[in-house]
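Notes for the one structure printed next.
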Amino acid sequence: MEDCKPKDKGAAEDAELAKAIMAHRFQPPVKVSEAWEGYIFSGLEICIKESTDFYGAVLWPSAMVLCHFLEANRDQYNLMDKNVIELGAGTGLVTIVSSLLGAKVTSTDLPEVLGNLQYNVMRNTKDHCKYIPLVTELIWGQEVEQRFPHATHCFDYILAADVVYAHPFLDELIDTFDHLCQENTQILWAMRFRLDPENSFVDRFRQRFHIEELYDLPSLSIKLYRAWRKDKMTHGCSGETAA
Ligand SMILES: C[S@@+](CC[C@H](N)C(=O)[O-])C[C@H]1O[C@@H](n2cnc3c(N)ncnc32)[C@H](O)[C@@H]1O
């Protein structure tokens, strides 16, 4: 019986945390003119319009996990006035929640996803945020240095939810993290584990970055990581001491 205790405790913590994360969802009223999903973060009802055309136009549970973490740990990971970039922003929930928490967000994705992303971001941040997020194209591995030169772009945080799965651009994705992650940048990255490519991605990621596991949610098959360059971290891009 003794051996079962830690495992049971882990399962109970997982269930409790997963329940708290999923509680951010709310159902839209039955009669609405367009389909949308509802989420509550930072005391605000956030309406997310999904589209079934592209992967990025659907909201994935990893985004909720990352948003829950940012809200629950807003003191330790204070986003106020921080420079943040989101990769593969999809329908924009992480961008919206980070903006509500005071960050200056650059929200990026493939060109075909940007219309819906911009719509959701504007709808939910206008009049609610200190900084209106910038929605812009970033195709992993393509013209990253030209579009985000180190001389002018220094991010305190890189956020990413469910960008690792069986797609052919995993090398480009690692190179993009590598370029954007400067000495003082922290990566917060929620990842759903489906197949082997996810595991080998973490191993390859570990070769370039230190990794800390922040959440492990077996019931959702999701882990949340913090990562940073193997060089020493001192001060954030916005001049404050990093967490
Ligand atoms: C599974 S979705 C996750 C979307 C969102 N982060 C979420 O959690 O709801 C993966 C996202 O990565 C984007 N993506 C896929 N391949 C990409 C690439 N080569 N360059 C940039 N973004 C890409 C997709 O458009 C999509 O928005």
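All residue names refer to the structure tokens as shown: chains lettered A, B, ... in order, residues numbered from 1 in each chain, ligands numbered from 1 in order.
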Let's see if you can do this: from backbone DSSP, list all strand (DSSP E or B) residues in stretch 118-158 of chain A, as a ChimeraX atom specification.
/A:134-137,157-158
Hey, can you spit out that residue selection with C-alpha atoms as a CSV table (one decimal), in the first residue's frame?
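Contents of part12.csv, as written:
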chain,number,residue,atom,x,y,z
A,134,LEU,CA,0.9,42.8,-33.3
A,135,VAL,CA,-0.3,39.9,-35.5
A,136,THR,CA,2.2,38.9,-38.1
A,137,GLU,CA,3.5,36.1,-40.2
A,157,TYR,CA,9.3,35.3,-23.3
A,158,ILE,CA,8.6,33.0,-26.2
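Look at A:Cys67: the protein and nucleic acid residues within 8 Å of it, using only C-alpha atoms and passing over chain neighbours fewer than 4 places away, are Phe41, Ala63, Glu71, Leu93, Val94, Val97 and Ser98 of chain A.
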Fewer than 3 positions away in the same chain doesn't count, so skip those; otherwise give me all residues within 12 Å of A:Asp216, counting only C-alpha atoms, as number ranges by chain.
A: 10-11, 13-15, 17-18, 62, 65-66, 69, 190-193, 212-213, 219-225
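We find atom 20 (N, counted along the ligand's line) of ligand 1 and atom CA of A:Val58 to be spaced 15.6 Å apart.
For the set A:Met122, A:Ala35, A:Leu110, A:Ala72, the residue with the smallest atom-to-atom gap to ligand 1 is A:Leu110, counting only C-alpha atoms and all ligand atoms.
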List every residue of stretch 48-214 of chain A that DSSP, applied to the backbone of this structure, places in alpha helix (DSSP H), and write the result as a PyMOL selection string.
chain A and resi 61-72+93-100+114-125+144-147+170-180+196-208
Distance table requested - chain A against ligand 1, cut-off 8 Å, only C-alpha atoms and all ligand atoms: one row per qualifying residue with the closest atom pair and its distance in Å to one decimal, ordered by chain and rising residue number, as JSON lines.
{"residue": "A:Phe54", "atom": "CA", "partner": "ligand 1", "partner_atom_place_in_ligand_line": "25 (O)", "distance": 6.9}
{"residue": "A:Tyr55", "atom": "CA", "partner": "ligand 1", "partner_atom_place_in_ligand_line": "2 (S)", "distance": 5.2}
{"residue": "A:Gly56", "atom": "CA", "partner": "ligand 1", "partner_atom_place_in_ligand_line": "27 (O)", "distance": 3.0}
{"residue": "A:Ala57", "atom": "CA", "partner": "ligand 1", "partner_atom_place_in_ligand_line": "27 (O)", "distance": 6.4}
{"residue": "A:Val58", "atom": "CA", "partner": "ligand 1", "partner_atom_place_in_ligand_line": "9 (O)", "distance": 6.0}
{"residue": "A:Leu59", "atom": "CA", "partner": "ligand 1", "partner_atom_place_in_ligand_line": "9 (O)", "distance": 3.6}
{"residue": "A:Trp60", "atom": "CA", "partner": "ligand 1", "partner_atom_place_in_ligand_line": "9 (O)", "distance": 3.8}
{"residue": "A:Pro61", "atom": "CA", "partner": "ligand 1", "partner_atom_place_in_ligand_line": "8 (O)", "distance": 6.3}
{"residue": "A:Ser62", "atom": "CA", "partner": "ligand 1", "partner_atom_place_in_ligand_line": "8 (O)", "distance": 5.2}
{"residue": "A:Ala63", "atom": "CA", "partner": "ligand 1", "partner_atom_place_in_ligand_line": "8 (O)", "distance": 4.1}
{"residue": "A:Met64", "atom": "CA", "partner": "ligand 1", "partner_atom_place_in_ligand_line": "8 (O)", "distance": 7.6}
{"residue": "A:Leu87", "atom": "CA", "partner": "ligand 1", "partner_atom_place_in_ligand_line": "22 (N)", "distance": 6.5}
{"residue": "A:Gly88", "atom": "CA", "partner": "ligand 1", "partner_atom_place_in_ligand_line": "12 (O)", "distance": 3.7}
{"residue": "A:Ala89", "atom": "CA", "partner": "ligand 1", "partner_atom_place_in_ligand_line": "6 (N)", "distance": 4.4}
{"residue": "A:Gly90", "atom": "CA", "partner": "ligand 1", "partner_atom_place_in_ligand_line": "27 (O)", "distance": 3.4}
{"residue": "A:Thr91", "atom": "CA", "partner": "ligand 1", "partner_atom_place_in_ligand_line": "9 (O)", "distance": 6.0}
{"residue": "A:Gly92", "atom": "CA", "partner": "ligand 1", "partner_atom_place_in_ligand_line": "5 (C)", "distance": 6.9}
{"residue": "A:Leu93", "atom": "CA", "partner": "ligand 1", "partner_atom_place_in_ligand_line": "9 (O)", "distance": 7.1}
{"residue": "A:Val94", "atom": "CA", "partner": "ligand 1", "partner_atom_place_in_ligand_line": "6 (N)", "distance": 7.4}
{"residue": "A:Thr108", "atom": "CA", "partner": "ligand 1", "partner_atom_place_in_ligand_line": "22 (N)", "distance": 7.3}
{"residue": "A:Asp109", "atom": "CA", "partner": "ligand 1", "partner_atom_place_in_ligand_line": "22 (N)", "distance": 4.4}
{"residue": "A:Leu110", "atom": "CA", "partner": "ligand 1", "partner_atom_place_in_ligand_line": "22 (N)", "distance": 4.8}
{"residue": "A:Glu112", "atom": "CA", "partner": "ligand 1", "partner_atom_place_in_ligand_line": "25 (O)", "distance": 7.7}
{"residue": "A:Val113", "atom": "CA", "partner": "ligand 1", "partner_atom_place_in_ligand_line": "25 (O)", "distance": 6.0}
{"residue": "A:Glu137", "atom": "CA", "partner": "ligand 1", "partner_atom_place_in_ligand_line": "21 (C)", "distance": 7.8}
{"residue": "A:Leu138", "atom": "CA", "partner": "ligand 1", "partner_atom_place_in_ligand_line": "21 (C)", "distance": 5.6}
{"residue": "A:Ile139", "atom": "CA", "partner": "ligand 1", "partner_atom_place_in_ligand_line": "20 (N)", "distance": 3.6}
{"residue": "A:Trp140", "atom": "CA", "partner": "ligand 1", "partner_atom_place_in_ligand_line": "20 (N)", "distance": 4.1}
{"residue": "A:Gly141", "atom": "CA", "partner": "ligand 1", "partner_atom_place_in_ligand_line": "20 (N)", "distance": 7.6}
{"residue": "A:Ala160", "atom": "CA", "partner": "ligand 1", "partner_atom_place_in_ligand_line": "6 (N)", "distance": 6.1}
{"residue": "A:Ala161", "atom": "CA", "partner": "ligand 1", "partner_atom_place_in_ligand_line": "6 (N)", "distance": 4.2}
{"residue": "A:Asp162", "atom": "CA", "partner": "ligand 1", "partner_atom_place_in_ligand_line": "3 (C)", "distance": 4.8}
{"residue": "A:Val163", "atom": "CA", "partner": "ligand 1", "partner_atom_place_in_ligand_line": "10 (C)", "distance": 4.7}
{"residue": "A:Val164", "atom": "CA", "partner": "ligand 1", "partner_atom_place_in_ligand_line": "10 (C)", "distance": 7.5}
{"residue": "A:Tyr165", "atom": "CA", "partner": "ligand 1", "partner_atom_place_in_ligand_line": "1 (C)", "distance": 7.5}
{"residue": "A:His167", "atom": "CA", "partner": "ligand 1", "partner_atom_place_in_ligand_line": "16 (N)", "distance": 7.1}
{"residue": "A:Phe169", "atom": "CA", "partner": "ligand 1", "partner_atom_place_in_ligand_line": "19 (N)", "distance": 5.6}
{"residue": "A:Glu172", "atom": "CA", "partner": "ligand 1", "partner_atom_place_in_ligand_line": "19 (N)", "distance": 7.5}
{"residue": "A:Leu173", "atom": "CA", "partner": "ligand 1", "partner_atom_place_in_ligand_line": "19 (N)", "distance": 7.3}
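Among the candidate residues A:Ser99, A:Asn120, A:Gln146, A:Thr152, the one lying nearest to A:Pro133 is A:Ser99, with distances computed using only C-alpha atoms.
Each of A:Asn124, A:Leu117, A:Asn73, A:Thr95 was checked against A:Glu50 using only C-alpha atoms; the smallest atom-to-atom distance is that of A:Leu117.
Compared by their closest atoms to A:Ala20, and using only C-alpha atoms, the residues A:Gln76, A:Leu217, A:Phe148, A:Phe205 rank with A:Leu217 nearest.
Here atom CA of A:Gly115 stands at a distance of 17.3 Å from atom CA of A:Glu37.
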Can you tell me, as a ChimeraX atom specification, what residues are no more than 10 Å from A:Arg208 when counting only C-alpha atoms, ignoring any on the same chain fewer than 2 positions away?
/A:174,177-178,203-206,210-211,227-231
Please indicate the distance in Å from atom CA of A:Gln27 to atom CA of A:His128, rounded to one decimal place.
21.6 Å
So that I can see what lies close to A:Arg25, please list as a PyMOL selection string the residues with an atom at most 7 Å from it, counting only C-alpha atoms and leaving out residues fewer than 6 positions away in the same chain.
chain A and resi 38-40
